[in-house]
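Participant: My structure is in query18.cif, and what it holds is mmCIF, C-alpha atoms:
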data_final
#
loop_
_atom_site.group_PDB
_atom_site.id
_atom_site.type_symbol
_atom_site.label_atom_id
_atom_site.label_comp_id
_atom_site.auth_asym_id
_atom_site.auth_seq_id
_atom_site.Cartn_x
_atom_site.Cartn_y
_atom_site.Cartn_z
ATOM 1 C CA MET A 1 16.044 3.419 -30.351
ATOM 2 C CA SER A 2 12.444 3.193 -31.467
ATOM 3 C CA PHE A 3 9.169 1.576 -30.489
ATOM 4 C CA GLN A 4 9.499 -2.099 -31.387
ATOM 5 C CA PHE A 5 5.916 -2.782 -32.397
ATOM 6 C CA ALA A 6 4.054 -1.729 -35.531
ATOM 7 C CA SER A 7 0.729 -1.229 -33.767
ATOM 8 C CA LEU A 8 -0.817 -1.246 -30.322
ATOM 9 C CA ALA A 9 -2.461 -4.573 -31.143
ATOM 10 C CA GLU A 10 0.943 -6.077 -31.825
ATOM 11 C CA PHE A 11 2.233 -4.521 -28.626
ATOM 12 C CA TRP A 12 -0.590 -6.277 -26.812
ATOM 13 C CA THR A 13 -0.133 -9.729 -28.377
ATOM 14 C CA MET A 14 3.703 -9.594 -28.572
ATOM 15 C CA ALA A 15 3.744 -12.282 -31.256
ATOM 16 C CA GLY A 16 2.088 -14.812 -28.975
ATOM 17 C CA HIS A 17 4.048 -13.969 -25.827
ATOM 18 C CA GLY A 18 1.651 -11.210 -24.759
ATOM 19 C CA PRO A 19 -0.272 -13.206 -22.129
ATOM 20 C CA TYR A 20 2.955 -14.277 -20.398
ATOM 21 C CA VAL A 21 4.609 -10.871 -20.467
ATOM 22 C CA TRP A 22 1.528 -8.904 -19.422
ATOM 23 C CA ALA A 23 0.656 -11.416 -16.705
ATOM 24 C CA CYS A 24 4.124 -10.921 -15.191
ATOM 25 C CA TYR A 25 3.875 -7.148 -15.302
ATOM 26 C CA GLY A 26 0.388 -7.343 -13.812
ATOM 27 C CA VAL A 27 1.542 -9.504 -10.903
ATOM 28 C CA ALA A 28 4.533 -7.206 -10.374
ATOM 29 C CA PHE A 29 2.264 -4.182 -10.286
ATOM 30 C CA ILE A 30 0.057 -5.773 -7.623
ATOM 31 C CA VAL A 31 3.011 -6.912 -5.473
ATOM 32 C CA LEU A 32 4.816 -3.559 -5.659
ATOM 33 C CA ALA A 33 1.628 -1.587 -5.019
ATOM 34 C CA TYR A 34 0.883 -3.770 -1.995
ATOM 35 C CA LEU A 35 4.364 -3.128 -0.573
ATOM 36 C CA LEU A 36 3.922 0.612 -1.033
ATOM 37 C CA ILE A 37 0.451 0.801 0.492
ATOM 38 C CA ALA A 38 0.342 -1.823 3.271
ATOM 39 C CA PRO A 39 2.977 -0.423 5.696
ATOM 40 C CA ARG A 40 1.741 3.162 5.396
ATOM 41 C CA ARG A 41 -1.878 2.143 5.917
ATOM 42 C CA ALA A 42 -0.929 0.114 8.990
ATOM 43 C CA HIS A 43 1.138 3.067 10.242
ATOM 44 C CA ARG A 44 -1.766 5.492 9.927
ATOM 45 C CA GLN A 45 -4.224 3.078 11.507
ATOM 46 C CA TYR A 46 -1.876 2.352 14.391
ATOM 47 C CA LEU A 47 -1.474 6.026 15.278
ATOM 48 C CA LYS A 48 -5.233 6.532 14.992
ATOM 49 C CA GLN A 49 -5.945 3.536 17.217
ATOM 50 C CA GLN A 50 -3.447 4.748 19.829
ATOM 51 C CA ARG A 51 -5.158 8.118 19.823
ATOM 52 C CA VAL A 52 -8.573 6.542 20.377
ATOM 53 C CA LEU A 53 -7.158 4.527 23.284
ATOM 54 C CA LYS A 54 -5.567 7.619 24.759
ATOM 55 C CA VAL A 55 -8.751 9.685 24.558
ATOM 56 C CA ALA A 56 -10.751 6.791 26.035
ATOM 57 C CA SER A 57 -8.400 6.393 28.977
ATOM 58 C CA GLU A 58 -8.448 10.147 29.621
ATOM 59 C CA ASN A 59 -12.252 10.184 29.631
ATOM 60 C CA LEU A 60 -12.285 7.216 31.966
ATOM 61 C CA SER A 61 -10.016 8.911 34.486
ATOM 62 C CA LYS A 62 -12.146 12.047 34.308
ATOM 63 C CA ALA A 63 -15.381 10.122 34.846
ATOM 64 C CA LYS A 64 -14.170 8.154 37.847
ATOM 65 C CA PRO A 65 -11.578 10.236 39.604
ATOM 66 C CA SER A 66 -11.769 8.096 42.746
ATOM 67 C CA GLN A 67 -10.924 4.832 40.980
ATOM 68 C CA ALA A 68 -8.492 5.909 38.291
ATOM 69 C CA LYS A 69 -4.985 6.918 39.131
ATOM 70 C CA MET B 70 33.710 10.984 16.612
ATOM 71 C CA ALA B 71 34.052 8.767 13.589
ATOM 72 C CA TRP B 72 31.524 6.344 15.033
ATOM 73 C CA GLN B 73 28.992 8.972 15.978
ATOM 74 C CA TRP B 74 26.855 8.364 12.910
ATOM 75 C CA PHE B 75 26.689 4.669 13.795
ATOM 76 C CA TYR B 76 25.253 5.383 17.229
ATOM 77 C CA ARG B 77 22.944 8.028 15.884
ATOM 78 C CA MET B 78 21.663 5.585 13.266
ATOM 79 C CA GLY B 79 20.814 3.350 16.214
ATOM 80 C CA SER B 80 18.332 5.891 17.533
ATOM 81 C CA PRO B 81 14.818 5.131 16.255
ATOM 82 C CA ARG B 82 13.774 8.743 16.711
ATOM 83 C CA TRP B 83 16.696 10.076 14.699
ATOM 84 C CA PHE B 84 15.909 7.566 11.912
ATOM 85 C CA TYR B 85 12.210 8.442 11.944
ATOM 86 C CA GLU B 86 12.796 12.162 11.682
ATOM 87 C CA LYS B 87 15.553 11.913 9.069
ATOM 88 C CA THR B 88 13.614 9.550 6.802
ATOM 89 C CA ASP B 89 10.628 11.871 6.989
ATOM 90 C CA ARG B 90 12.665 14.277 4.876
ATOM 91 C CA TRP B 91 14.210 11.585 2.629
ATOM 92 C CA ILE B 92 10.966 9.871 1.583
ATOM 93 C CA PRO B 93 9.702 12.403 -1.024
ATOM 94 C CA TRP B 94 13.079 12.492 -2.801
ATOM 95 C CA LEU B 95 13.546 8.761 -2.722
ATOM 96 C CA ALA B 96 9.984 8.278 -3.985
ATOM 97 C CA LEU B 97 10.633 10.687 -6.862
ATOM 98 C CA VAL B 98 13.861 8.923 -7.937
ATOM 99 C CA THR B 99 12.146 5.520 -7.654
ATOM 100 C CA ALA B 100 9.187 6.638 -9.765
ATOM 101 C CA LEU B 101 11.455 8.096 -12.460
ATOM 102 C CA LEU B 102 13.675 5.019 -12.656
ATOM 103 C CA LEU B 103 10.850 2.484 -12.599
ATOM 104 C CA GLY B 104 8.730 4.524 -15.019
ATOM 105 C CA THR B 105 11.559 4.804 -17.539
ATOM 106 C CA GLY B 106 12.560 1.193 -16.991
ATOM 107 C CA PHE B 107 9.061 -0.225 -17.511
ATOM 108 C CA VAL B 108 8.444 1.702 -20.743
ATOM 109 C CA TRP B 109 11.886 0.894 -22.127
ATOM 110 C CA ALA B 110 11.675 -2.779 -21.196
ATOM 111 C CA LEU B 111 8.184 -3.322 -22.583
ATOM 112 C CA GLY B 112 8.249 -1.214 -25.720
ATOM 113 C CA PHE B 113 11.702 -0.094 -26.752
ATOM 114 C CA ALA B 114 14.216 -2.834 -25.976
ATOM 115 C CA PRO B 115 14.681 -5.073 -29.039
ATOM 116 C CA ALA B 116 13.148 -8.560 -29.030
ATOM 117 C CA ASP B 117 15.511 -11.410 -28.204
ATOM 118 C CA ALA B 118 16.776 -13.494 -31.145
ATOM 119 C CA LYS B 119 15.945 -16.812 -29.457
ATOM 120 C CA GLN B 120 13.254 -16.012 -26.922
ATOM 121 C CA GLY B 121 11.346 -13.338 -28.797
ATOM 122 C CA ASN B 122 9.270 -11.044 -26.606
ATOM 123 C CA SER B 123 8.987 -13.431 -23.663
ATOM 124 C CA TYR B 124 12.436 -12.316 -22.530
ATOM 125 C CA ARG B 125 10.893 -8.954 -21.527
ATOM 126 C CA ILE B 126 9.954 -10.773 -18.324
ATOM 127 C CA MET B 127 13.683 -10.650 -17.489
ATOM 128 C CA TYR B 128 13.336 -6.936 -16.711
ATOM 129 C CA LEU B 129 11.172 -7.876 -13.731
ATOM 130 C CA HIS B 130 12.574 -11.267 -12.882
ATOM 131 C CA VAL B 131 16.256 -10.287 -12.613
ATOM 132 C CA PRO B 132 15.851 -7.053 -10.589
ATOM 133 C CA ALA B 133 13.378 -8.758 -8.250
ATOM 134 C CA ALA B 134 15.857 -11.618 -7.788
ATOM 135 C CA PHE B 135 18.690 -9.130 -7.084
ATOM 136 C CA LEU B 136 16.636 -7.551 -4.332
ATOM 137 C CA ALA B 137 15.256 -10.818 -2.968
ATOM 138 C CA LEU B 138 18.879 -11.846 -2.355
ATOM 139 C CA ALA B 139 20.225 -8.421 -1.298
ATOM 140 C CA GLY B 140 17.235 -8.138 1.028
ATOM 141 C CA TYR B 141 18.290 -11.339 2.703
ATOM 142 C CA TYR B 142 21.701 -9.827 3.452
ATOM 143 C CA VAL B 143 19.971 -6.769 4.878
ATOM 144 C CA MET B 144 17.838 -8.972 7.125
ATOM 145 C CA ALA B 145 20.695 -11.227 8.253
ATOM 146 C CA ILE B 146 23.198 -8.402 8.845
ATOM 147 C CA ALA B 147 20.598 -6.314 10.708
ATOM 148 C CA GLY B 148 19.816 -9.408 12.782
ATOM 149 C CA ALA B 149 23.512 -9.941 13.557
ATOM 150 C CA ILE B 150 23.990 -6.305 14.603
ATOM 151 C CA GLY B 151 20.924 -6.596 16.818
ATOM 152 C CA LEU B 152 22.270 -9.793 18.396
ATOM 153 C CA ILE B 153 25.780 -8.452 18.997
ATOM 154 C CA TRP B 154 25.271 -4.776 19.865
ATOM 155 C CA LYS B 155 21.639 -4.928 21.036
ATOM 156 C CA MET B 156 20.811 -2.048 18.768
ATOM 157 C CA LYS B 157 17.054 -1.417 18.813
ATOM 158 C CA LEU B 158 16.787 0.001 15.321
ATOM 159 C CA SER B 159 18.655 -2.951 13.882
ATOM 160 C CA ASP B 160 16.103 -5.427 15.231
ATOM 161 C CA MET B 161 13.347 -3.329 13.714
ATOM 162 C CA VAL B 162 15.063 -3.311 10.310
ATOM 163 C CA MET B 163 15.424 -7.079 10.458
ATOM 164 C CA LYS B 164 11.708 -7.500 11.098
ATOM 165 C CA ALA B 165 10.864 -4.931 8.390
ATOM 166 C CA ALA B 166 13.011 -6.722 5.797
ATOM 167 C CA ALA B 167 11.151 -10.041 6.099
ATOM 168 C CA PRO B 168 7.795 -9.236 4.433
ATOM 169 C CA ILE B 169 9.488 -7.244 1.653
ATOM 170 C CA GLY B 170 11.880 -10.097 0.940
ATOM 171 C CA ALA B 171 9.029 -12.586 0.959
ATOM 172 C CA ALA B 172 6.989 -10.492 -1.486
ATOM 173 C CA LEU B 173 9.943 -10.057 -3.853
ATOM 174 C CA THR B 174 10.876 -13.750 -3.703
ATOM 175 C CA PHE B 175 7.260 -14.564 -4.479
ATOM 176 C CA LEU B 176 7.467 -12.215 -7.464
ATOM 177 C CA VAL B 177 10.662 -13.919 -8.668
ATOM 178 C CA LEU B 178 9.042 -17.361 -8.437
ATOM 179 C CA VAL B 179 5.838 -16.275 -10.205
ATOM 180 C CA THR B 180 7.578 -14.385 -13.032
ATOM 181 C CA GLY B 181 10.026 -17.285 -13.350
ATOM 182 C CA ALA B 182 7.184 -19.779 -13.691
ATOM 183 C CA ILE B 183 5.352 -17.660 -16.266
ATOM 184 C CA TRP B 184 8.591 -17.149 -18.193
ATOM 185 C CA GLY B 185 9.339 -20.877 -17.960
ATOM 186 C CA LYS B 186 6.139 -21.919 -19.725
ATOM 187 C CA PRO B 187 6.959 -20.493 -23.198
ATOM 188 C CA THR B 188 10.738 -20.909 -22.778
ATOM 189 C CA TRP B 189 11.255 -24.261 -21.043
ATOM 190 C CA GLY B 190 7.843 -25.727 -21.811
ATOM 191 C CA THR B 191 6.997 -26.100 -18.134
ATOM 192 C CA TRP B 192 5.949 -23.882 -15.227
ATOM 193 C CA TRP B 193 8.243 -25.470 -12.693
ATOM 194 C CA VAL B 194 11.140 -27.902 -12.351
ATOM 195 C CA TRP B 195 12.581 -29.171 -9.096
ATOM 196 C CA ASP B 196 16.110 -28.178 -10.006
ATOM 197 C CA ALA B 197 18.656 -26.542 -7.721
ATOM 198 C CA ARG B 198 17.899 -22.913 -8.649
ATOM 199 C CA ASN B 199 14.124 -23.144 -8.291
ATOM 200 C CA THR B 200 14.298 -25.228 -5.133
ATOM 201 C CA SER B 201 16.825 -22.970 -3.414
ATOM 202 C CA MET B 202 14.706 -19.918 -4.289
ATOM 203 C CA LEU B 203 11.664 -21.651 -2.814
ATOM 204 C CA LEU B 204 13.724 -22.289 0.318
ATOM 205 C CA LEU B 205 14.529 -18.564 0.420
ATOM 206 C CA LEU B 206 10.803 -17.810 0.456
ATOM 207 C CA PHE B 207 10.333 -20.207 3.381
ATOM 208 C CA LEU B 208 13.231 -18.578 5.259
ATOM 209 C CA TYR B 209 11.557 -15.181 4.919
ATOM 210 C CA LEU B 210 8.211 -16.649 5.975
ATOM 211 C CA GLY B 211 9.983 -18.387 8.862
ATOM 212 C CA VAL B 212 11.334 -15.089 10.181
ATOM 213 C CA MET B 213 7.849 -13.566 9.890
ATOM 214 C CA ALA B 214 6.347 -16.521 11.765
ATOM 215 C CA LEU B 215 8.986 -16.377 14.525
ATOM 216 C CA GLN B 216 8.319 -12.680 14.987
ATOM 217 C CA ASN B 217 4.733 -13.563 15.842
ATOM 218 C CA ALA B 218 5.505 -16.670 17.862
ATOM 219 C CA TYR B 219 6.790 -15.063 21.072
ATOM 220 C CA GLN B 220 5.153 -12.832 23.658
ATOM 221 C CA HIS B 221 8.427 -11.134 24.411
ATOM 222 C CA GLN B 222 9.807 -9.049 21.541
ATOM 223 C CA GLY B 223 13.442 -9.542 22.591
ATOM 224 C CA THR B 224 13.097 -13.321 22.376
ATOM 225 C CA ALA B 225 11.396 -13.063 18.993
ATOM 226 C CA ASP B 226 14.221 -10.862 17.708
ATOM 227 C CA ARG B 227 16.929 -13.249 18.930
ATOM 228 C CA ALA B 228 15.197 -16.293 17.468
ATOM 229 C CA SER B 229 14.585 -14.635 14.083
ATOM 230 C CA ALA B 230 18.136 -13.286 13.922
ATOM 231 C CA ILE B 231 19.529 -16.769 14.481
ATOM 232 C CA LEU B 232 17.244 -18.257 11.824
ATOM 233 C CA ALA B 233 18.232 -15.468 9.401
ATOM 234 C CA LEU B 234 21.942 -16.062 10.051
ATOM 235 C CA VAL B 235 21.706 -19.831 9.663
ATOM 236 C CA GLY B 236 19.739 -19.291 6.446
ATOM 237 C CA THR B 237 22.575 -17.309 4.825
ATOM 238 C CA VAL B 238 24.075 -20.704 3.895
ATOM 239 C CA ASN B 239 21.404 -20.783 1.206
ATOM 240 C CA ILE B 240 22.541 -17.576 -0.513
ATOM 241 C CA PRO B 241 25.790 -18.795 -2.164
ATOM 242 C CA ILE B 242 23.926 -21.974 -3.107
ATOM 243 C CA ILE B 243 21.358 -19.883 -5.001
ATOM 244 C CA TYR B 244 24.105 -17.943 -6.793
ATOM 245 C CA LYS B 245 26.090 -21.032 -7.725
ATOM 246 C CA SER B 246 23.193 -23.420 -8.369
ATOM 247 C CA VAL B 247 23.214 -22.768 -12.119
ATOM 248 C CA ASP B 248 26.921 -23.659 -12.333
ATOM 249 C CA TRP B 249 27.056 -26.590 -9.922
ATOM 250 C CA TRP B 250 24.084 -28.596 -11.101
ATOM 251 C CA TYR B 251 22.477 -29.429 -14.405
ATOM 252 C CA THR B 252 19.492 -27.135 -14.848
ATOM 253 C CA LEU B 253 17.084 -25.606 -17.330
ATOM 254 C CA HIS B 254 17.810 -22.190 -15.858
ATOM 255 C CA GLN B 255 20.143 -20.094 -17.968
ATOM 256 C CA PRO B 256 23.473 -19.051 -16.365
ATOM 257 C CA ALA B 257 23.996 -15.513 -15.088
ATOM 258 C CA THR B 258 24.004 -12.866 -17.810
ATOM 259 C CA LEU B 259 25.574 -10.120 -15.717
ATOM 260 C CA LYS B 260 29.047 -10.886 -14.456
ATOM 261 C CA LEU B 261 31.348 -8.860 -12.257
ATOM 262 C CA THR B 262 34.618 -10.367 -13.429
ATOM 263 C CA SER B 263 34.089 -10.773 -17.162
ATOM 264 C CA GLU B 264 32.096 -9.170 -19.926
ATOM 265 C CA SER B 265 28.329 -9.557 -19.740
ATOM 266 C CA THR B 266 26.698 -11.731 -22.373
ATOM 267 C CA ILE B 267 24.023 -9.208 -23.282
ATOM 268 C CA HIS B 268 23.869 -6.427 -25.833
ATOM 269 C CA VAL B 269 23.910 -2.828 -24.548
ATOM 270 C CA SER B 270 20.491 -2.096 -26.076
ATOM 271 C CA MET B 271 19.101 -4.706 -23.674
ATOM 272 C CA LEU B 272 21.538 -3.946 -20.866
ATOM 273 C CA TYR B 273 20.722 -0.270 -20.219
ATOM 274 C CA PRO B 274 17.033 -0.810 -19.465
ATOM 275 C CA LEU B 275 18.051 -3.721 -17.219
ATOM 276 C CA PHE B 276 20.419 -1.471 -15.269
ATOM 277 C CA ILE B 277 17.693 1.146 -14.907
ATOM 278 C CA MET B 278 15.247 -1.459 -13.621
ATOM 279 C CA ILE B 279 17.804 -2.817 -11.147
ATOM 280 C CA ALA B 280 18.577 0.706 -9.890
ATOM 281 C CA GLY B 281 14.822 1.384 -9.673
ATOM 282 C CA PHE B 282 14.244 -1.802 -7.675
ATOM 283 C CA TYR B 283 17.070 -0.879 -5.279
ATOM 284 C CA CYS B 284 15.475 2.527 -4.646
ATOM 285 C CA PHE B 285 12.044 0.929 -4.318
ATOM 286 C CA TYR B 286 13.430 -1.538 -1.798
ATOM 287 C CA ALA B 287 15.023 1.241 0.268
ATOM 288 C CA LEU B 288 11.765 3.198 0.218
ATOM 289 C CA VAL B 289 9.598 0.278 1.334
ATOM 290 C CA LEU B 290 12.162 -0.786 3.953
ATOM 291 C CA ILE B 291 11.905 2.727 5.392
ATOM 292 C CA PHE B 292 8.085 2.478 5.442
ATOM 293 C CA TYR B 293 8.079 -0.861 7.263
ATOM 294 C CA THR B 294 10.796 0.258 9.693
ATOM 295 C CA ARG B 295 8.853 3.421 10.552
ATOM 296 C CA LEU B 296 5.764 1.324 11.275
ATOM 297 C CA GLU B 297 7.853 -0.852 13.577
ATOM 298 C CA ILE B 298 9.323 2.227 15.294
ATOM 299 C CA VAL B 299 5.985 3.765 16.246
ATOM 300 C CA GLN B 300 4.755 0.403 17.554
ATOM 301 C CA ARG B 301 7.775 -0.404 19.681
ATOM 302 C CA GLU B 302 8.419 3.154 20.864
ATOM 303 C CA ARG B 303 4.788 3.927 21.683
ATOM 304 C CA ARG B 304 5.620 4.695 25.323
ATOM 305 C CA THR B 305 8.127 7.421 24.478
ATOM 306 C CA GLN B 306 7.171 11.070 24.579
ATOM 307 C CA TRP B 307 7.933 11.805 20.974
ATOM 308 C CA VAL B 308 5.647 9.003 19.711
ATOM 309 C CA SER B 309 2.953 10.227 22.112
ATOM 310 C CA ALA B 310 3.256 13.602 20.434
ATOM 311 C CA LEU B 311 2.787 11.896 17.050
ATOM 312 C CA VAL B 312 -0.320 10.145 18.382
ATOM 313 C CA GLU B 313 -1.720 13.494 19.557
ATOM 314 C CA GLY B 314 -1.359 14.802 16.017
ATOM 315 C CA ALA B 315 -2.956 11.754 14.364
ATOM 316 C CA LYS B 316 -6.317 12.245 12.738
#
Step by step, read the file and then write its structure as structure tokens.
Facilitator:
Amino acid sequence: MSFQFASLAEFWTMAGHGPYVWACYGVAFIVLAYLLIAPRRAHRQYLKQQRVLKVASENLSKAKPSQAK
Amino acid sequence: MAWQWFYRMGSPRWFYEKTDRWIPWLALVTALLLGTGFVWALGFAPADAKQGNSYRIMYLHVPAAFLALAGYYVMAIAGAIGLIWKMKLSDMVMKAAAPIGAALTFLVLVTGAIWGKPTWGTWWVWDARNTSMLLLLFLYLGVMALQNAYQHQGTADRASAILALVGTVNIPIIYKSVDWWYTLHQPATLKLTSESTIHVSMLYPLFIMIAGFYCFYALVLIFYTRLEIVQRERRTQWVSALVEGAK
């Protein structure tokens, strides 16, 4: 098993098929990266948002003890 | 006793805490497999006698198609378990599977179109394989839309599970479409019952990519399910404790 291309330039052009092959791998990279990042980002932001809400509601009940239960 | 694991798997908290420990290992295996697979597929696998280098797209197209279809089973079976046994975690897995399946189906369609241009001479044909794959994308998008269409989560879960189950009719059609109808799409290269029509020097990197995509799928399914767990279980004490620790 060896590297199939004589030079990096040939690796890039792939005898004319380069644009197709690299476009596919580029799209795949974006899609896979999105799937890895999106749920974890949403997860972090959700926990953060819940924390902000919690702190806000605690402050509210401290500020108006007569109204909040 | 034998069924204990099944009930434990049904507990969102158990799943959340277990997967916390699995994620680094699964991520490591995924990175190794995909890293090796990408390098091998792009640089070291020999060029195809008929298709030249364009066939290197297969190393993305085929694994993504495997998982787009396997992911549909995951979604439909999770939906069925949620319908029948009212298992909370199962409904969450069904919802988590939809965006991943949609993204992978999209990847299959895009890589297929780009591969089609130098190989078939066209980006798209309305043949059975392409059309049934497009339908698969709409089924995934349909489940995502239904999840957002109802105020009550239980109703949304029931409706999406039913859509997912009805949609399974499409899966054997996708598999068989290249045999049943005249098409530009080449028939399956990997076969369970007879010898594959591909040389081992091209087959090994394909296997590595497929294994890598399976691990990747499992990893991302865990991520999306964990997101769903914290959202739906926000009123429980253990999620409150997580919120306390959030920065």
Participant: How would you write, as a VMD selection string, the residues chosen by the PyMOL selection byres ((chain A) within 9 of (chain B)) on this structure?
Facilitator: chain A and resid 1 to 5 11 14 to 18 20 to 25 27 to 28 31 to 32 35 to 36 38 to 40 42 to 44 46 to 51 54
Participant: Go ahead and compute the interatomic distance for atom CA of Val143 of chain B and atom CA of Trp72 of chain B, in Å to one decimal.
Facilitator: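 A separation of 20.2 Å between them.
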Participant: Which residue is closest to Leu208 of chain B? Choose from B:Met271, B:Met144, B:Val131, B:Ile150 and count only C-alpha atoms.
Facilitator: B:Met144
Participant: At what distance in Å, to one decimal, does atom CA of Phe135 of chain B lie from atom CA of Ala257 of chain B?
Facilitator: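 Spanning atom CA of Ala257 of chain B to atom CA of Phe135 of chain B is a straight-line distance of 11.5 Å.
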Participant: Report, in Å with one decimal, the straight-line distance from atom CA of Leu204 of chain B to atom CA of Lys245 of chain B.
Facilitator: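 Interatomic distance, atom CA of Leu204 of chain B to atom CA of Lys245 of chain B: 14.8 Å.
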Participant: Any chance you could work out the residue set of the PyMOL selection byres ((chain B and resi 93-102) around 7) here, as a PDB file with C-alpha atoms, in the frame of the given file?
Facilitator:
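Listed below is the output, part18.pdb:
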ATOM      1  CA  ARG B  90      12.665  14.277   4.876  1.00  0.00           C
ATOM      2  CA  TRP B  91      14.210  11.585   2.629  1.00  0.00           C
ATOM      3  CA  ILE B  92      10.966   9.871   1.583  1.00  0.00           C
ATOM      4  CA  LEU B 103      10.850   2.484 -12.599  1.00  0.00           C
ATOM      5  CA  GLY B 104       8.730   4.524 -15.019  1.00  0.00           C
ATOM      6  CA  THR B 105      11.559   4.804 -17.539  1.00  0.00           C
ATOM      7  CA  GLY B 106      12.560   1.193 -16.991  1.00  0.00           C
ATOM      8  CA  ILE B 277      17.693   1.146 -14.907  1.00  0.00           C
ATOM      9  CA  MET B 278      15.247  -1.459 -13.621  1.00  0.00           C
ATOM     10  CA  GLY B 281      14.822   1.384  -9.673  1.00  0.00           C
ATOM     11  CA  CYS B 284      15.475   2.527  -4.646  1.00  0.00           C
ATOM     12  CA  PHE B 285      12.044   0.929  -4.318  1.00  0.00           C
ATOM     13  CA  LEU B 288      11.765   3.198   0.218  1.00  0.00           C
TER      14      LEU B 288
END
Participant: Using the chain letters and numbering of this document, enumerate as a PyMOL selection string the residues selected by the PyMOL selection byres ((chain B and resi 228-240) around 10).
Facilitator: chain B and resi 138-139+141-152+160+163-164+167+201-202+204-205+207-209+211-216+218-219+222-227+241-246
Participant: I'd like the box whose edges run along x, y and z of the file and which contains every listed atom of segment 25-38 of chain A, padded by 6 Å per side; could you state its centre and edge lengths in Å, one decimal, as AutoDock Vina command-line options?
Facilitator:
--center_x 2.4 --center_y -4.4 --center_z -6.0 --size_x 16.8 --size_y 22.3 --size_z 30.6
